[in-house]
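J.: Take this structure, written in structure tokens, and hold onto it; I'll ask about it next.
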Amino acid sequence: MNYYKESYYTNRELSWLDFNYRVLDEARDKDNPLLERVRFLGITQSNLDEFFTVRVASLRKLMSVNYTKPDPAGLTAADQVSAISDKAHEMVKRQYNTLNRSLLPLLEQHAIHLLSMADLNEEQHAFVKNYFDDELYPALTPMADDSSRPFPFIGNNTLNIALRIYKNGDKKDRKFATVQVPDVFPRVVVLPGAPNQFILIEEIIKAFVGSLFINYTVKETSCYRVMRDLDLDVAEEDTSDLLKEVQKQLKMRERGKVMRLEVEKSMSKHQRTRLAKALGINESALYVINGPLNLTFLSKLVKAVQGHEDLNYPKYHAYYPEKYRERSIFDLIKDHDILMQYPYDDFKPVVDFIHEAAEDEDVLAIKMTLYRVSADSPIIKYLGQAAQNGKQVTVLVEVKARFDEENNVHWAKKLEEMGCHVIYGLIGLKTHCKLALVVRRENEGIKRYMHMGTGNYNDVTAHFYTDMGLFTADTDMGIDASNIFNMLSGYSEPPYFHKLHISPDGIRDFINEKLDDEIAIAKAGQPAVVKMKMNSLSDPQIISKLYEASHAGVKIQLIIRGICCLRTGIKGISDNIEVHSIIGRLLEHSRIYYFSNDGEPQIYLSSADMMTRNLNRRVELLFPLLQPEISHRAMTIFETMWADTVKTRILQPDNTYARVDGRGLEVLDSQAEFIREAEQAVKADHGDTTPTSNAHQFIPMMSPKNEPDASDLDREDD
């Protein structure tokens, strides 16, 4: 049977846009706290920006070389760009309808006001005038646009003001200019007087920008913004120094081609045409915006609001068991494997693992992979401390981690300065696995301790990405981990692995083998079940194997947050497959793979999604949960998410997503349930005394930076 028919597949990019619509639904959901709805709207903007700078940019490159091969859904690159344009324009319209018709009026009901110049009272007007004269004016640079001074370069994601002016007394002498809004100043300006009154910096500049053009009258001011191609194009096979090549590409990236031009609705048609021509874009790349450009400012607005705790998600306490304070973490791991689910379990034990290893006299070596770390990472600090204490420290820092390249280059150099041996990733592959290995000398001999995870070693994102991690001292997995690091740092090619599975190739082969086993079980008339949770499913071969399993009678449950190119409800093909997507206050990031295995269930965690890049072009890790209590807990976590009736959307046969029909069902928000369980565990450890040191506030899908905001929220690269 042919499982590769085009009608069986959804285009990857259109599926991603559907995901962003689900995020937008959270901004429109009246059951969410108001300020969280505002944050969600900002997140849809940053998601869309990254989509254009990477995915749309890649498609346009294919078009530029006349690449006409269709994707599995039968769409060429040109077809996809056209469909994306239609869907993205509609999304922008809904974003601003949500802002203007719903969120801003609701904020005003709570005395939170985003004002225009016309709304200011006398005191506020004097304040912004002084702010312009004293702070903004010296930093502004007017750029003329005429025959002798050509249109200036406009940087990616910068906010700019286009002006039409004429010389006093001569209205026919029209001139054009542009002024960049300096990004060194806060975009949201807090006004004096009553609390929670704000104005955007561009409104202030537009009001007084005439002072930059002496003897001229300003006829028109309107904002615009461009998004450029930011895809890093490192020709690895041609470079002997990957670090230098990445640094070179970082400098070049900012001058990529324009993918999208946003202009204020108030901009005249003549000015729009002039800008489009100057920036080299066609009409489909022009977006006319009914409101402030770049909605990521909304996260800054929310941060600036005083009071109104009731309009945010309540704070919670991650669970940090007392035993971690009382015993060595190595003793705990030696006793029993430890499964952790972040952010409900505190990430601190992972940091403690490296910290204790750095100070432990019996530790000989630490080996670790780093894909994304925070801007002030304690793990980096302790790795450096370990090297200075005489440990052998080897760290693979993936300098090609998209949009974290600059941060990772910085940390790679810092680690080297502290005495660590640093590997800058592998030529032709990204190292995306999450693996830490500690080698320790004990009375019984050399012992290996490991942490393996589904998410990054990032102490900041660990507060709002849901991930899982395993501590283990399993001997076979320890040998496998050593072999993996030998492969990464040298030329080792072990013939097999005992219990771990790695990509390229290994994870794909393993998943196919497990699916074949379930197919055989189903054909023998026995119950066969597959359950998977991942961020994205787009690999055609894996999808075809899932279709084959469904056709054979295997019951398949998939929890997929984002891209899903598989289609449900195809008679005889996918009618045994159900797909859920959970979009909530936290970003679902863990990867779980379960196989019923003829009554002896097996469950695995992984850093890998079922995407071609993860299976073919990444170093990824898939690892088993072997101890019964551990695997039982992992399956309980999956089942709780599968039973979610609040934040789940179910993929329909018509390729839309619908919320769960909750009639007759228990109301269950899986993320809220995990929070409740964590709070109960905290109270059980502390009695009536609730700790405050590990209190966190939920910030939905936030940034991996030290100060989370609505940028870089849902990394395509993860």
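Chains: A, B, ... in order of the structure tokens. Residues: from 1 per chain. Ligands: from 1, in order shown.
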Determine, counting only C-alpha atoms, which protein, DNA and RNA residues have an atom within 9 Å of an atom of Lys367 of chain A; residues of the same chain fewer than 3 positions away are not included. Present the result as a compact mmCIF listing (two decimals) with N, CA, C and O atoms, in the first residue's frame.
T.:
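Output below, filename around_39.txt:
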# COMPACT_ATOMS: atom_id res chain seq x y z
N GLN A 392 39.35 16.70 34.60
CA GLN A 392 39.35 16.70 33.13
C GLN A 392 37.95 17.11 32.68
O GLN A 392 36.98 16.38 32.90
N VAL A 393 37.80 18.27 32.08
CA VAL A 393 36.48 18.79 31.69
C VAL A 393 36.43 18.94 30.18
O VAL A 393 37.23 19.67 29.59
N THR A 394 35.49 18.24 29.57
CA THR A 394 35.28 18.32 28.12
C THR A 394 33.85 18.78 27.87
O THR A 394 32.91 18.16 28.38
N VAL A 395 33.71 19.84 27.10
CA VAL A 395 32.38 20.40 26.85
C VAL A 395 32.19 20.59 25.35
O VAL A 395 33.02 21.23 24.69
N LEU A 396 31.13 20.01 24.81
CA LEU A 396 30.76 20.31 23.43
C LEU A 396 29.76 21.45 23.46
O LEU A 396 28.65 21.30 23.99
N LEU A 435 23.33 15.63 27.43
CA LEU A 435 24.01 14.55 28.12
C LEU A 435 25.13 15.11 28.98
O LEU A 435 25.95 15.91 28.52
N ALA A 436 25.16 14.68 30.25
CA ALA A 436 26.24 15.04 31.17
C ALA A 436 26.75 13.75 31.81
O ALA A 436 25.97 12.93 32.29
N LEU A 437 28.07 13.59 31.82
CA LEU A 437 28.70 12.38 32.35
C LEU A 437 29.76 12.78 33.37
O LEU A 437 30.63 13.62 33.08
N VAL A 438 29.67 12.19 34.55
CA VAL A 438 30.66 12.41 35.61
C VAL A 438 31.35 11.09 35.89
O VAL A 438 30.69 10.08 36.17
N VAL A 439 32.67 11.07 35.81
CA VAL A 439 33.47 9.87 36.08
C VAL A 439 34.11 10.04 37.46
O VAL A 439 34.82 11.02 37.71
N SER A 482 30.18 7.15 27.54
CA SER A 482 31.61 7.35 27.27
C SER A 482 31.91 7.22 25.78
O SER A 482 32.67 8.01 25.20
N PHE A 485 30.84 10.37 23.88
CA PHE A 485 31.78 11.49 23.99
C PHE A 485 33.07 11.21 23.23
O PHE A 485 33.68 12.13 22.68
J.: Counting only C-alpha atoms, what are the residues of segment 327-400 of chain A within 12 Å of segment 655-673 of chain A, and for each of them which pair of atoms is the nearest and at what distance in Å, to one decimal? Sort the table by chain and rising number, as a Markdown table.
T.:
| residue | atom | partner | partner_atom | distance |
| --- | --- | --- | --- | --- |
| A:Gln341 | CA | A:Gln671 | CA | 11.4 |
| A:Tyr342 | CA | A:Gln671 | CA | 11.0 |
| A:Pro343 | CA | A:Gln671 | CA | 10.1 |
| A:Tyr344 | CA | A:Gln671 | CA | 9.0 |
J.: What does the file look like for those residues with N, CA, C and O atoms, as an mmCIF file, in the first residue's frame?
T.:
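Result file result_29.cif:
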data_model
loop_
_atom_site.group_PDB
_atom_site.id
_atom_site.type_symbol
_atom_site.label_atom_id
_atom_site.label_comp_id
_atom_site.auth_asym_id
_atom_site.auth_seq_id
_atom_site.Cartn_x
_atom_site.Cartn_y
_atom_site.Cartn_z
ATOM 1 N N GLN A 341 10.743 15.988 36.348
ATOM 2 C CA GLN A 341 9.882 16.663 35.381
ATOM 3 C C GLN A 341 9.899 18.155 35.709
ATOM 4 O O GLN A 341 9.359 18.594 36.718
ATOM 5 N N TYR A 342 10.553 18.913 34.840
ATOM 6 C CA TYR A 342 10.638 20.357 35.039
ATOM 7 C C TYR A 342 9.460 21.037 34.345
ATOM 8 O O TYR A 342 8.965 20.543 33.345
ATOM 9 N N PRO A 343 9.001 22.159 34.848
ATOM 10 C CA PRO A 343 9.480 22.920 35.989
ATOM 11 C C PRO A 343 8.819 22.534 37.301
ATOM 12 O O PRO A 343 9.039 23.192 38.318
ATOM 13 N N TYR A 344 8.020 21.483 37.302
ATOM 14 C CA TYR A 344 7.322 21.076 38.525
ATOM 15 C C TYR A 344 8.318 20.555 39.545
ATOM 16 O O TYR A 344 8.187 20.811 40.742
#
J.: List every residue of segment 130-223 of chain A that DSSP, applied to the backbone of this structure, assigns to helix (DSSP H, G or I), and report them as a ChimeraX atom specification.
T.: /A:130-139,201-212
J.: Convert the current residue selection to file output with C-alpha atoms, as a tab-separated table (two decimals), in the first residue's frame.
T.:
chain	number	residue	atom	x	y	z
A	130	ASN	CA	11.32	67.10	28.24
A	131	TYR	CA	12.07	63.40	27.71
A	132	PHE	CA	12.36	64.00	23.97
A	133	ASP	CA	14.54	67.10	24.33
A	134	ASP	CA	16.85	65.73	27.04
A	135	GLU	CA	17.12	62.02	26.17
A	136	LEU	CA	15.84	61.15	22.71
A	137	TYR	CA	16.80	64.14	20.55
A	138	PRO	CA	20.59	63.71	20.97
A	139	ALA	CA	20.35	60.04	19.94
A	201	ILE	CA	8.43	55.85	22.45
A	202	GLU	CA	7.64	56.14	18.72
A	203	GLU	CA	4.57	58.24	19.53
A	204	ILE	CA	6.78	60.72	21.37
A	205	ILE	CA	9.32	60.86	18.55
A	206	LYS	CA	6.64	61.35	15.89
A	207	ALA	CA	5.15	64.24	17.89
A	208	PHE	CA	8.42	66.19	18.11
A	209	VAL	CA	10.46	64.88	15.18
A	210	GLY	CA	9.98	68.18	13.35
A	211	SER	CA	12.75	69.68	15.49
A	212	LEU	CA	15.20	67.53	13.49
J.: Give the answer as one residue: which of A:Ile542, A:Val530, A:Ala144, A:Ile84 has the shortest atom-to-atom distance to Val554 of chain A, using only C-alpha atoms?
T.: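 With only C-alpha atoms as the atom set, the closest residue is A:Val530.
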J.: Extract, using only C-alpha atoms, all DNA, RNA and protein residues at most 8 Å from segment 188-194 of chain A, discarding same-chain residues fewer than 4 positions from it, and format them as a ChimeraX atom specification.
T.: /A:123-124,127,198-201,297,300-301,304
J.: Pull C-alpha atoms from the residues just selected and write them as a PDB file, in the first residue's frame.
T.:
ATOM      1  CA  GLU A 123       1.736  67.330  33.147  1.00  0.00           C
ATOM      2  CA  GLN A 124       2.278  64.273  30.969  1.00  0.00           C
ATOM      3  CA  PHE A 127       7.079  65.206  30.726  1.00  0.00           C
ATOM      4  CA  PHE A 198       2.030  54.338  29.348  1.00  0.00           C
ATOM      5  CA  ILE A 199       2.958  55.668  25.931  1.00  0.00           C
ATOM      6  CA  LEU A 200       5.157  54.133  23.245  1.00  0.00           C
ATOM      7  CA  ILE A 201       8.434  55.848  22.445  1.00  0.00           C
ATOM      8  CA  PHE A 297       6.416  45.251  23.228  1.00  0.00           C
ATOM      9  CA  LYS A 300       7.435  44.931  28.377  1.00  0.00           C
ATOM     10  CA  LEU A 301       4.077  46.545  28.995  1.00  0.00           C
ATOM     11  CA  ALA A 304       5.731  47.643  33.735  1.00  0.00           C
TER      12      ALA A 304
END
J.: Give me, as a ChimeraX atom specification, the residues of segment 422-600 of chain A that a backbone DSSP run labels strand (DSSP E).
T.: /A:422-423,430-431,434-442,445-453,465-472,501-503,529-534,555-560,577-582,587-588,592-595
J.: Can you work out the spacing between atom CA of Gly291 of chain A and atom CA of Gln197 of chain A in Å, to one decimal?
T.: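 Distance between the two atoms: 17.7 Å.
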J.: Near segment 348-360 of chain A, counting only C-alpha atoms, which residues have an atom at most 9 Å away, once you skip same-chain residues fewer than 5 positions from it, shown as a VMD selection string?
T.: chain A and resid 320 324 328 to 330 365 to 366 378 to 379 381 to 389 391 436 438 to 440 451 457 459 469 471
J.: Those residues you just picked out, can you put them in a file as a PDB file, in the first residue's frame with C-alpha atoms?
T.:
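Full text of result.pdb as output:
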ATOM      1  CA  TYR A 320      13.073  20.345  45.688  1.00  0.00           C
ATOM      2  CA  TYR A 324      19.008  16.672  48.086  1.00  0.00           C
ATOM      3  CA  SER A 328      25.407  13.577  48.248  1.00  0.00           C
ATOM      4  CA  ILE A 329      23.666  13.492  44.885  1.00  0.00           C
ATOM      5  CA  PHE A 330      25.993  10.688  43.844  1.00  0.00           C
ATOM      6  CA  ALA A 365      36.258  13.937  34.713  1.00  0.00           C
ATOM      7  CA  ILE A 366      33.144  15.791  33.613  1.00  0.00           C
ATOM      8  CA  PRO A 378      25.788  28.607  36.822  1.00  0.00           C
ATOM      9  CA  ILE A 379      26.613  25.382  34.988  1.00  0.00           C
ATOM     10  CA  LYS A 381      30.671  28.604  36.205  1.00  0.00           C
ATOM     11  CA  TYR A 382      30.927  25.180  37.832  1.00  0.00           C
ATOM     12  CA  LEU A 383      32.449  23.551  34.755  1.00  0.00           C
ATOM     13  CA  GLY A 384      35.167  26.183  34.841  1.00  0.00           C
ATOM     14  CA  GLN A 385      35.600  25.653  38.568  1.00  0.00           C
ATOM     15  CA  ALA A 386      35.989  21.910  37.966  1.00  0.00           C
ATOM     16  CA  ALA A 387      38.750  22.503  35.417  1.00  0.00           C
ATOM     17  CA  GLN A 388      40.540  24.826  37.814  1.00  0.00           C
ATOM     18  CA  ASN A 389      40.271  22.109  40.475  1.00  0.00           C
ATOM     19  CA  LYS A 391      39.297  17.746  36.760  1.00  0.00           C
ATOM     20  CA  ALA A 436      26.238  15.037  31.171  1.00  0.00           C
ATOM     21  CA  VAL A 438      30.665  12.410  35.606  1.00  0.00           C
ATOM     22  CA  VAL A 439      33.471   9.872  36.083  1.00  0.00           C
ATOM     23  CA  ARG A 440      34.244   9.155  39.737  1.00  0.00           C
ATOM     24  CA  HIS A 451      22.138  13.019  33.515  1.00  0.00           C
ATOM     25  CA  TYR A 457      20.872  22.739  30.342  1.00  0.00           C
ATOM     26  CA  ASP A 459      18.455  27.202  34.342  1.00  0.00           C
ATOM     27  CA  GLY A 469      15.513  14.349  32.874  1.00  0.00           C
ATOM     28  CA  PHE A 471      19.853  10.653  36.663  1.00  0.00           C
TER      29      PHE A 471
END
J.: List the spatial neighbours of Asn168 of chain A as a list in words - criterion: any atom at most 7 Å away, only C-alpha atoms, same-chain residues fewer than 2 positions off excluded.
T.: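 So, after excluding close chain neighbours, the residues are Tyr166, Asp170, Asn215, Tyr216 and Thr217 of chain A.
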J.: Could you tell me which of A:Val422, A:Ala634, A:Leu566, A:Ala681 comes closest to Thr10 of chain A if we count only C-alpha atoms?
T.: A:Leu566
J.: Within 10 Å of Phe176 of chain A, counting only C-alpha atoms, which residues qualify if same-chain residues fewer than 4 places away don't, as a list in words?
T.: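 What passes the distance filter is Met143, Ala144, Asp145, Asp146, Phe151, Ala162, Leu163, Arg164, Ile165, Tyr166, Val218, Glu220, Gln271 and Arg274 of chain A.
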